[in-house]
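Undergrad: Dropping in model_28.pdb, with PDB, C-alpha atoms.
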ATOM      1  CA  MET A  15       0.000   0.000   0.000
ATOM      2  CA  PRO A  16       1.531   3.372  -0.987
ATOM      3  CA  LEU A  17       2.242   5.902   1.740
ATOM      4  CA  LEU A  18      -0.104   8.424   0.158
ATOM      5  CA  GLU A  19      -3.035   6.338   1.460
ATOM      6  CA  ILE A  20      -2.551   7.908   4.892
ATOM      7  CA  CYS A  21      -3.167  11.347   3.345
ATOM      8  CA  ILE A  22      -6.455  10.054   1.938
ATOM      9  CA  TRP A  23      -7.630   8.380   5.141
ATOM     10  CA  TRP A  24      -6.318  10.665   7.881
ATOM     11  CA  PRO A  25      -8.907  13.489   7.445
ATOM     12  CA  SER A  26     -11.735  10.927   7.736
ATOM     13  CA  VAL A  27     -10.140   9.212  10.740
ATOM     14  CA  LYS A  28      -9.575  12.561  12.470
ATOM     15  CA  ALA A  29     -13.152  13.679  11.781
ATOM     16  CA  PHE A  30     -14.480  10.382  13.171
ATOM     17  CA  LEU A  31     -12.413  10.660  16.358
ATOM     18  CA  GLU A  32     -13.474  14.267  16.886
ATOM     19  CA  SER A  33     -17.125  13.273  16.418
ATOM     20  CA  LEU A  34     -16.750  10.942  19.402
ATOM     21  CA  LEU A  35     -16.473  14.011  21.643
ATOM     22  CA  GLU A  36     -20.221  14.444  21.120
ATOM     23  CA  GLU A  37     -20.925  10.938  22.416
ATOM     24  CA  VAL A  38     -22.598  10.267  25.760
ATOM     25  CA  ILE A  39     -21.217   6.988  27.040
ATOM     26  CA  ILE A  40     -24.435   5.915  28.748
ATOM     27  CA  ASP A  41     -26.315   6.380  25.470
ATOM     28  CA  PRO A  42     -23.778   5.765  22.677
ATOM     29  CA  SER A  43     -24.530   5.868  18.950
ATOM     30  CA  GLU A  44     -23.690   3.291  16.280
ATOM     31  CA  SER A  45     -20.174   4.800  16.139
ATOM     32  CA  MET A  46     -19.455   2.955  19.397
ATOM     33  CA  LEU A  47     -21.178  -0.284  18.472
ATOM     34  CA  ILE A  48     -19.657  -2.596  21.111
ATOM     35  CA  LEU A  49     -20.496  -0.186  23.933
ATOM     36  CA  LYS A  50     -23.972   0.374  22.495
ATOM     37  CA  ASN A  51     -24.647  -3.381  22.448
ATOM     38  CA  HIS A  52     -23.542  -3.836  26.070
ATOM     39  CA  VAL A  53     -24.307  -0.520  27.802
ATOM     40  CA  ASP A  54     -27.463  -1.797  29.536
ATOM     41  CA  GLU A  55     -25.574  -4.839  30.747
ATOM     42  CA  ILE A  56     -22.674  -2.692  32.009
ATOM     43  CA  MET A  57     -25.012  -0.366  33.902
ATOM     44  CA  LYS A  58     -26.243  -3.456  35.772
ATOM     45  CA  ARG A  59     -22.636  -4.213  36.808
ATOM     46  CA  SER A  60     -22.054  -7.071  34.364
ATOM     47  CA  PHE A  61     -20.265  -7.632  31.052
ATOM     48  CA  LYS A  62     -20.630 -10.851  29.051
ATOM     49  CA  GLY A  63     -21.506 -12.716  32.222
ATOM     50  CA  GLN A  64     -18.572 -11.294  34.192
ATOM     51  CA  LYS A  65     -19.516  -9.420  37.374
ATOM     52  CA  LEU A  66     -18.240  -5.847  37.581
ATOM     53  CA  VAL A  67     -17.409  -3.998  40.800
ATOM     54  CA  GLN A  68     -17.242  -0.310  41.678
ATOM     55  CA  GLY A  69     -13.980   1.357  40.664
ATOM     56  CA  TRP A  70     -11.999   3.169  43.352
ATOM     57  CA  LYS A  71      -9.082   5.526  42.863
ATOM     58  CA  LEU A  72      -6.403   6.102  45.495
ATOM     59  CA  VAL A  73      -6.244   9.891  45.975
ATOM     60  CA  SER A  74      -3.751  10.208  48.853
ATOM     61  CA  GLN A  75      -2.472   8.440  51.958
ATOM     62  CA  ASP A  76      -0.686   9.171  55.191
ATOM     63  CA  GLU A  77       0.894   7.016  57.857
ATOM     64  CA  THR A  78      -2.395   5.611  59.096
ATOM     65  CA  ASN A  79      -5.013   6.200  56.410
ATOM     66  CA  CYS A  80      -5.619   5.785  52.684
ATOM     67  CA  TYR A  81      -8.094   8.080  50.984
ATOM     68  CA  TRP A  82     -10.088   6.613  48.111
ATOM     69  CA  GLU A  83     -12.462   8.178  45.667
ATOM     70  CA  ALA A  84     -15.264   6.311  43.935
ATOM     71  CA  ARG A  85     -15.493   6.727  40.149
ATOM     72  CA  ASP A  86     -18.900   7.504  38.705
ATOM     73  CA  ILE A  87     -20.361   8.005  35.232
ATOM     74  CA  ARG A  88     -19.214  11.627  35.129
ATOM     75  CA  ASP A  89     -15.620  10.530  35.717
ATOM     76  CA  CYS A  90     -15.872   7.963  32.933
ATOM     77  CA  GLN A  91     -17.311  10.563  30.549
ATOM     78  CA  SER A  92     -14.590  13.073  31.444
ATOM     79  CA  ASN A  93     -11.807  10.494  31.061
ATOM     80  CA  PHE A  94     -13.225   9.365  27.721
ATOM     81  CA  GLU A  95     -13.172  12.934  26.375
ATOM     82  CA  VAL A  96      -9.598  13.449  27.568
ATOM     83  CA  PHE A  97      -8.576  10.168  25.917
ATOM     84  CA  VAL A  98     -10.144  11.147  22.570
ATOM     85  CA  LYS A  99      -8.540  14.608  22.605
ATOM     86  CA  ASP A 100      -5.125  13.168  23.488
ATOM     87  CA  THR A 101      -5.446  10.523  20.745
ATOM     88  CA  VAL A 102      -6.297  13.136  18.092
ATOM     89  CA  GLU A 103      -3.452  15.392  19.253
ATOM     90  CA  SER A 104      -0.937  12.526  19.285
ATOM     91  CA  LEU A 105      -1.911  11.237  15.826
ATOM     92  CA  SER A 106      -1.979  14.765  14.389
ATOM     93  CA  ARG A 107       1.515  15.424  15.700
ATOM     94  CA  ARG A 108       2.792  12.152  14.236
ATOM     95  CA  TYR A 109       1.123  12.906  10.887
ATOM     96  CA  ASP A 110       2.754  16.349  10.731
ATOM     97  CA  ILE A 111       6.178  14.900  11.564
ATOM     98  CA  CYS A 112       6.118  11.752   9.424
ATOM     99  CA  VAL A 113       4.072  12.605   6.320
ATOM    100  CA  SER A 114       5.978  14.583   3.728
ATOM    101  CA  ILE A 115       4.629  17.245   1.398
ATOM    102  CA  MET A 116       5.393  14.828  -1.447
ATOM    103  CA  CYS A 117       2.934  12.266  -0.052
ATOM    104  CA  GLU A 118       0.173  14.871   0.096
ATOM    105  CA  MET A 119       1.073  15.952  -3.422
ATOM    106  CA  LEU A 120       0.744  12.396  -4.734
ATOM    107  CA  THR A 121      -2.922  12.131  -3.728
ATOM    108  CA  CYS A 122      -3.612  13.711  -7.143
ATOM    109  CA  LEU A 123      -2.848  10.256  -8.613
ATOM    110  CA  HIS A 124      -4.839   8.225  -6.099
ATOM    111  CA  LEU A 125      -6.501   5.684  -8.363
ATOM    112  CA  GLU A 126      -9.349   4.777  -6.012
ATOM    113  CA  SER A 127     -10.383   8.426  -5.595
ATOM    114  CA  ILE A 128     -10.365   9.035  -9.347
ATOM    115  CA  ILE A 129     -12.361   5.878 -10.049
ATOM    116  CA  THR A 130     -14.865   6.865  -7.356
ATOM    117  CA  LEU A 131     -15.414  10.136  -9.241
ATOM    118  CA  LEU A 132     -15.885   8.117 -12.437
ATOM    119  CA  CYS A 133     -18.765   6.132 -10.960
ATOM    120  CA  GLY A 134     -22.230   7.089 -12.139
ATOM    121  CA  LYS A 135     -25.140   6.003 -14.291
ATOM    122  CA  LYS A 136     -25.521   5.364 -18.002
ATOM    123  CA  PRO A 137     -29.201   6.046 -18.704
ATOM    124  CA  ASP A 138     -28.964   6.957 -22.398
ATOM    125  CA  GLY A 139     -25.843   5.042 -23.358
ATOM    126  CA  LYS A 140     -23.626   7.898 -22.168
ATOM    127  CA  PRO A 141     -21.890   7.936 -18.752
ATOM    128  CA  CYS A 142     -23.461  10.484 -16.409
ATOM    129  CA  ILE A 143     -20.831  11.610 -13.876
ATOM    130  CA  ASN A 144     -19.858  14.884 -12.199
ATOM    131  CA  GLU A 145     -17.323  16.185 -14.714
ATOM    132  CA  GLY A 146     -16.631  19.298 -12.635
ATOM    133  CA  ASP A 147     -15.524  17.342  -9.564
ATOM    134  CA  LEU A 148     -13.473  15.050 -11.792
ATOM    135  CA  GLU A 149     -11.750  17.992 -13.497
ATOM    136  CA  GLU A 150     -10.911  19.748 -10.217
ATOM    137  CA  TYR A 151      -9.642  16.700  -8.352
ATOM    138  CA  GLY A 152      -5.933  16.969  -7.537
ATOM    139  CA  THR A 153      -5.138  19.727 -10.049
ATOM    140  CA  GLU A 154      -2.912  21.778  -7.729
ATOM    141  CA  GLY A 155      -1.019  18.737  -6.438
ATOM    142  CA  PHE A 156      -0.545  17.395  -9.958
ATOM    143  CA  LYS A 157       0.906  20.696 -11.168
ATOM    144  CA  ALA A 158       3.349  20.742  -8.242
ATOM    145  CA  PHE A 159       4.326  17.116  -8.925
ATOM    146  CA  ILE A 160       4.882  17.798 -12.643
ATOM    147  CA  SER A 161       7.144  20.716 -11.663
ATOM    148  CA  HIS A 162       9.134  18.340  -9.469
ATOM    149  CA  ILE A 163       9.394  15.724 -12.233
ATOM    150  CA  CYS A 164      10.587  18.311 -14.752
ATOM    151  CA  SER A 165      13.410  19.241 -12.364
ATOM    152  CA  ILE A 166      14.805  15.666 -12.355
ATOM    153  CA  THR A 167      17.974  15.574 -14.448
ATOM    154  CA  HIS A 168      17.183  12.680 -16.794
ATOM    155  CA  VAL A 169      13.621  13.918 -17.304
ATOM    156  CA  LYS A 170      14.876  17.413 -18.045
ATOM    157  CA  LEU A 171      17.244  15.998 -20.674
ATOM    158  CA  ALA A 172      14.432  13.930 -22.213
ATOM    159  CA  ILE A 173      12.275  17.063 -22.471
ATOM    160  CA  GLU A 174      15.107  19.001 -24.120
ATOM    161  CA  ASP A 175      15.639  16.137 -26.604
ATOM    162  CA  GLY A 176      11.935  16.045 -27.424
ATOM    163  CA  ALA A 177      11.547  12.465 -26.169
ATOM    164  CA  ILE A 178       8.708  13.451 -23.854
ATOM    165  CA  ASP A 179       6.395  16.444 -23.716
ATOM    166  CA  LEU A 180       5.898  17.753 -20.180
ATOM    167  CA  ASP A 181       5.278  21.334 -19.058
ATOM    168  CA  PRO A 182       3.986  22.322 -15.593
ATOM    169  CA  ARG A 183       1.911  25.085 -17.200
ATOM    170  CA  LEU A 184       0.018  22.412 -19.173
ATOM    171  CA  SER A 185      -0.221  19.924 -16.314
ATOM    172  CA  HIS A 186      -4.045  20.124 -16.266
ATOM    173  CA  ILE A 187      -4.113  18.735 -19.815
ATOM    174  CA  VAL A 188      -1.962  15.741 -18.859
ATOM    175  CA  HIS A 189      -4.046  15.134 -15.739
ATOM    176  CA  ARG A 190      -7.261  15.348 -17.741
ATOM    177  CA  LYS A 191      -5.880  12.810 -20.234
ATOM    178  CA  LEU A 192      -5.304  10.339 -17.396
ATOM    179  CA  LYS A 193      -8.829  10.812 -16.048
ATOM    180  CA  GLN A 194     -10.447  10.541 -19.464
ATOM    181  CA  ALA A 195      -8.394   7.447 -20.346
ATOM    182  CA  LEU A 196      -9.605   5.766 -17.153
ATOM    183  CA  LYS A 197     -13.139   6.851 -17.986
ATOM    184  CA  VAL A 198     -12.957   5.212 -21.416
ATOM    185  CA  ILE A 199     -11.460   2.024 -19.957
ATOM    186  CA  LEU A 200     -14.052   1.699 -17.183
ATOM    187  CA  TRP A 201     -17.107   2.580 -19.268
ATOM    188  CA  GLN A 202     -16.224   1.231 -22.716
ATOM    189  CA  ASP A 203     -13.228  -1.101 -22.672
ATOM    190  CA  ARG A 204     -14.670  -4.242 -21.107
ATOM    191  CA  GLU A 205     -11.590  -6.376 -21.838
ATOM    192  CA  THR A 206      -9.247  -4.092 -19.914
ATOM    193  CA  MET A 207     -11.756  -3.592 -17.108
ATOM    194  CA  ILE A 208     -12.074  -7.329 -16.589
ATOM    195  CA  ASN A 209      -8.286  -7.601 -16.322
ATOM    196  CA  TRP A 210      -8.279  -4.877 -13.653
ATOM    197  CA  PHE A 211     -11.151  -6.246 -11.577
ATOM    198  CA  ASP A 212     -11.658  -9.574  -9.835
ATOM    199  CA  TYR A 213     -15.371 -10.277 -10.013
ATOM    200  CA  VAL A 214     -17.121 -12.361  -7.373
ATOM    201  CA  PRO A 215     -19.770 -14.385  -9.253
ATOM    202  CA  SER A 216     -22.324 -14.539  -6.433
ATOM    203  CA  GLU A 217     -22.029 -10.864  -5.469
ATOM    204  CA  ILE A 218     -22.145  -7.489  -7.211
ATOM    205  CA  SER A 219     -18.698  -6.429  -6.064
ATOM    206  CA  ALA A 220     -15.207  -6.043  -7.435
ATOM    207  CA  LYS A 221     -11.688  -5.390  -6.266
ATOM    208  CA  ILE A 222      -9.475  -3.188  -8.386
ATOM    209  CA  LYS A 223      -5.916  -4.209  -9.008
ATOM    210  CA  PRO A 224      -3.155  -1.638  -8.488
ATOM    211  CA  LEU A 225      -2.147   0.279 -11.598
ATOM    212  CA  SER A 226       1.424  -0.788 -10.825
ATOM    213  CA  SER A 227       0.457  -4.271 -12.033
ATOM    214  CA  VAL A 228      -0.111  -2.759 -15.493
ATOM    215  CA  ILE A 229       2.687  -0.169 -15.561
ATOM    216  CA  SER A 230       6.139  -0.445 -14.027
ATOM    217  CA  LYS A 231       9.547   1.233 -13.997
ATOM    218  CA  ASP A 232      10.469   4.913 -14.139
ATOM    219  CA  SER A 233      10.896   4.748 -17.911
ATOM    220  CA  GLY A 234       7.158   4.217 -18.371
ATOM    221  CA  ASN A 235       7.870   0.712 -19.638
ATOM    222  CA  LEU A 236       5.113  -1.913 -19.458
ATOM    223  CA  SER A 237       5.491  -4.884 -17.140
ATOM    224  CA  SER A 238       4.093  -7.198 -19.816
ATOM    225  CA  MET A 239       3.579  -7.081 -23.569
ATOM    226  CA  GLU A 240       0.102  -8.516 -23.370
ATOM    227  CA  LYS A 241      -2.499  -6.871 -25.550
ATOM    228  CA  VAL A 242      -4.423  -5.366 -22.654
ATOM    229  CA  HIS A 243      -1.278  -3.643 -21.369
ATOM    230  CA  GLU A 244      -0.509  -2.221 -24.805
ATOM    231  CA  CYS A 245      -4.074  -0.905 -24.871
ATOM    232  CA  VAL A 246      -3.594   0.841 -21.518
ATOM    233  CA  TYR A 247      -0.251   2.295 -22.581
ATOM    234  CA  SER A 248      -1.667   3.642 -25.856
ATOM    235  CA  LYS A 249      -4.546   5.323 -24.030
ATOM    236  CA  LEU A 250      -2.402   6.848 -21.284
ATOM    237  CA  GLY A 251       0.700   7.755 -23.289
ATOM    238  CA  LYS A 252       4.323   7.696 -22.177
ATOM    239  CA  GLU A 253       4.144  11.021 -20.294
ATOM    240  CA  ILE A 254       1.398   9.784 -17.980
ATOM    241  CA  CYS A 255       3.107   6.403 -17.552
ATOM    242  CA  LEU A 256       6.298   8.218 -16.593
ATOM    243  CA  VAL A 257       4.432  10.373 -14.075
ATOM    244  CA  ILE A 258       2.656   7.359 -12.559
ATOM    245  CA  ASP A 259       5.813   5.292 -12.248
ATOM    246  CA  ILE A 260       7.776   8.082 -10.589
ATOM    247  CA  ALA A 261       4.809   8.537  -8.249
ATOM    248  CA  LEU A 262       4.894   4.832  -7.398
ATOM    249  CA  ALA A 263       8.631   5.038  -6.726
ATOM    250  CA  LYS A 264       8.103   8.102  -4.507
ATOM    251  CA  GLY A 265       5.238   6.353  -2.743
ATOM    252  CA  GLY A 266       7.468   4.032  -0.746
ATOM    253  CA  PRO A 267       9.971   1.181  -1.047
ATOM    254  CA  GLU A 268       7.309  -1.529  -1.398
ATOM    255  CA  THR A 269       6.311  -0.283  -4.842
ATOM    256  CA  ILE A 270       9.930  -0.289  -5.961
ATOM    257  CA  VAL A 271      10.363  -3.880  -4.803
ATOM    258  CA  GLU A 272       7.148  -4.943  -6.548
ATOM    259  CA  SER A 273       8.246  -3.306  -9.808
ATOM    260  CA  PHE A 274      11.715  -4.847  -9.570
ATOM    261  CA  TYR A 275      10.416  -8.366  -8.992
ATOM    262  CA  SER A 276       7.819  -7.905 -11.724
ATOM    263  CA  LEU A 277      10.695  -7.173 -14.092
ATOM    264  CA  MET A 278      12.642 -10.144 -12.736
ATOM    265  CA  LYS A 279       9.656 -12.371 -13.487
ATOM    266  CA  CYS A 280       9.889 -11.332 -17.153
ATOM    267  CA  HIS A 281      13.488 -12.645 -17.273
ATOM    268  CA  LYS A 282      12.764 -15.860 -15.419
ATOM    269  CA  LYS A 283      13.221 -18.976 -17.554
ATOM    270  CA  ALA A 284      11.725 -22.401 -17.025
ATOM    271  CA  GLY A 285      14.247 -24.863 -15.634
ATOM    272  CA  GLY A 286      17.514 -24.503 -13.773
ATOM    273  CA  GLN A 287      18.387 -20.853 -14.246
ATOM    274  CA  ASN A 288      21.276 -19.517 -12.224
ATOM    275  CA  ASN A 289      19.993 -17.031  -9.618
ATOM    276  CA  LYS A 290      23.071 -14.854 -10.033
ATOM    277  CA  ASN A 291      22.483 -14.557 -13.778
ATOM    278  CA  LEU A 292      18.809 -13.772 -13.204
ATOM    279  CA  SER A 293      19.731 -11.045 -10.732
ATOM    280  CA  LEU A 294      22.290  -9.500 -13.093
ATOM    281  CA  ARG A 295      19.896  -9.582 -16.071
ATOM    282  CA  THR A 296      17.223  -7.853 -13.972
ATOM    283  CA  LYS A 297      19.581  -5.154 -12.695
ATOM    284  CA  LEU A 298      20.837  -4.504 -16.212
ATOM    285  CA  ASP A 299      17.329  -4.192 -17.649
ATOM    286  CA  TRP A 300      16.264  -2.024 -14.691
ATOM    287  CA  SER A 301      19.139   0.392 -15.330
ATOM    288  CA  LEU A 302      18.637   0.720 -19.079
ATOM    289  CA  PRO A 303      15.948   2.962 -20.635
ATOM    290  CA  GLY A 304      12.834   1.254 -21.909
ATOM    291  CA  PRO A 305      12.051   0.712 -25.609
ATOM    292  CA  PHE A 306       9.143   3.180 -25.634
TER     293      PHE A 306
END
Using the file provided, produce a representation of the structure as structure tokens.
TA:
Amino acid sequence: MPLLEICIWWPSVKAFLESLLEEVIIDPSESMLILKNHVDEIMKRSFKGQKLVQGWKLVSQDETNCYWEARDIRDCQSNFEVFVKDTVESLSRRYDICVSIMCEMLTCLHLESIITLLCGKKPDGKPCINEGDLEEYGTEGFKAFISHICSITHVKLAIEDGAIDLDPRLSHIVHRKLKQALKVILWQDRETMINWFDYVPSEISAKIKPLSSVISKDSGNLSSMEKVHECVYSKLGKEICLVIDIALAKGGPETIVESFYSLMKCHKKAGGQNNKNLSLRTKLDWSLPGPF
């Protein structure tokens, strides 16, 4: 899972935790399902058949006496609110320290978010989706990421040589091409869609495969020469493939490992192949520019 996922999920997680501050623990909502299912039982001093006793807190003591304080519902409510606030503060601090600006920038290429915006109805044979939301999604982050890509030495040289056509000022056009290509694939290209989704026969559900399984390597090279992959490459174009692959590489080491072993699989031969030779062939291919 790429690191940018935390940028997608954290706002929702934070909002959920903050909403818990409105909860009353003796009458919880569905957000606290376990407590809701057992609150009546707990109020009767029992939980799943286990007897509960009154909680006491040691406040102070001297040479002869210990002073205890009984906890009541108000204490539990107060402690719960303190716990939620401390949890939000702790997670927010960790997010600010650990999550880079690059990760937030890369949400512009979050495949699940884009596909969610592509969902809609097709009443008259034409997809009916919110084109405005689709157009606006991630535009600022994508422009910033394109600016970063264009500053990379080998990309800069490729632009100067005319091998690729990237310009931060025209980033919205490149981003739109990605979105529209995905729209065509999901609404019209059944063959490619079936290769991206695993359908469960007895249910109306599907699980999308990561785009990294179709595209790999910083050069924009394809992980396989199957027809469906050529179709995806032709629709996206080498500029978008380059952008996606650099994004995957920036997303965390797991994506790099997956791409590397995907390439190694292409060089694997049936029968007793020497592992050292396989490793060297993979490293050599990884280091050389792709054919596209």
Undergrad: Separation of CA of Leu34 (chain A) and CA of Phe61 (chain A), in Å?
TA: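 Straight-line distance from CA of Leu34 (chain A) to CA of Phe61 (chain A) works out to 22.2 Å.
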Undergrad: May I ask which of the residues A:Ala177, A:Val38, A:Ile187, A:Leu18 is the closest one to Glu126 (chain A), counting all atoms listed in the file?
TA: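 Of all the options, A:Leu18 lies closest to Glu126 (chain A).
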Undergrad: Can you turn the PyMOL selection byres ((chain A and resi 141-147) around 12) into a concrete residue list for this file, as a list in words?
TA: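 Output of the PyMOL selection byres ((chain A and resi 141-147) around 12): Ser127, Ile128, Ile129, Thr130, Leu131, Leu132, Cys133, Gly134, Lys135, Lys136, Pro137, Asp138, Gly139, Lys140, Leu148, Glu149, Glu150, Tyr151, Gly152, Thr153, Arg190, Lys193, Gln194, Lys197, Val198, Leu200, Trp201 and Gln202 of chain A.
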Undergrad: Apply the PyMOL selection byres ((chain A and resi 95) around 10) to the displayed file and report the matching residues as a VMD selection string.
TA: chain A and resid 32 34 to 38 89 to 94 96 to 101
Undergrad: What's the separation between CA of Trp70 (chain A) and CA of Val53 (chain A), in Å to one decimal place?
TA: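 Computing it gives 20.2 Å between the two atoms.
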Undergrad: Please indicate the distance in Å from CA of Arg183 (chain A) to CA of Ser161 (chain A), rounded to one decimal place.
TA: 8.8 Å
Undergrad: Go through A:Leu17, A:Cys255, A:Leu250, A:Ala263 and flag the residue nearest Ser114 (chain A), using only C-alpha atoms for the distances.
TA: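 Residue with the minimum atom-to-atom distance to Ser114 (chain A): A:Leu17.
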Undergrad: The PyMOL selection byres ((chain A and resi 293) around 12) - which residues does that actually catch in the file I just gave you? List them as a list in words.
TA: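 When the PyMOL selection byres ((chain A and resi 293) around 12) is applied to the shown file, the picked residues are Phe274, Tyr275, Leu277, Met278, Lys279, Cys280, His281, Lys282, Gln287, Asn288, Asn289, Lys290, Asn291, Leu292, Leu294, Arg295, Thr296, Lys297, Leu298, Asp299 and Trp300 of chain A.
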Undergrad: Could you save those same residues with C-alpha atoms as a PDB file, keeping the file's coordinate frame?
TA:
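After the write, again-v6.pdb holds the following:
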ATOM      1  CA  PHE A 274      11.715  -4.847  -9.570  1.00  0.00           C
ATOM      2  CA  TYR A 275      10.416  -8.366  -8.992  1.00  0.00           C
ATOM      3  CA  LEU A 277      10.695  -7.173 -14.092  1.00  0.00           C
ATOM      4  CA  MET A 278      12.642 -10.144 -12.736  1.00  0.00           C
ATOM      5  CA  LYS A 279       9.656 -12.371 -13.487  1.00  0.00           C
ATOM      6  CA  CYS A 280       9.889 -11.332 -17.153  1.00  0.00           C
ATOM      7  CA  HIS A 281      13.488 -12.645 -17.273  1.00  0.00           C
ATOM      8  CA  LYS A 282      12.764 -15.860 -15.419  1.00  0.00           C
ATOM      9  CA  GLN A 287      18.387 -20.853 -14.246  1.00  0.00           C
ATOM     10  CA  ASN A 288      21.276 -19.517 -12.224  1.00  0.00           C
ATOM     11  CA  ASN A 289      19.993 -17.031  -9.618  1.00  0.00           C
ATOM     12  CA  LYS A 290      23.071 -14.854 -10.033  1.00  0.00           C
ATOM     13  CA  ASN A 291      22.483 -14.557 -13.778  1.00  0.00           C
ATOM     14  CA  LEU A 292      18.809 -13.772 -13.204  1.00  0.00           C
ATOM     15  CA  LEU A 294      22.290  -9.500 -13.093  1.00  0.00           C
ATOM     16  CA  ARG A 295      19.896  -9.582 -16.071  1.00  0.00           C
ATOM     17  CA  THR A 296      17.223  -7.853 -13.972  1.00  0.00           C
ATOM     18  CA  LYS A 297      19.581  -5.154 -12.695  1.00  0.00           C
ATOM     19  CA  LEU A 298      20.837  -4.504 -16.212  1.00  0.00           C
ATOM     20  CA  ASP A 299      17.329  -4.192 -17.649  1.00  0.00           C
ATOM     21  CA  TRP A 300      16.264  -2.024 -14.691  1.00  0.00           C
TER      22      TRP A 300
END
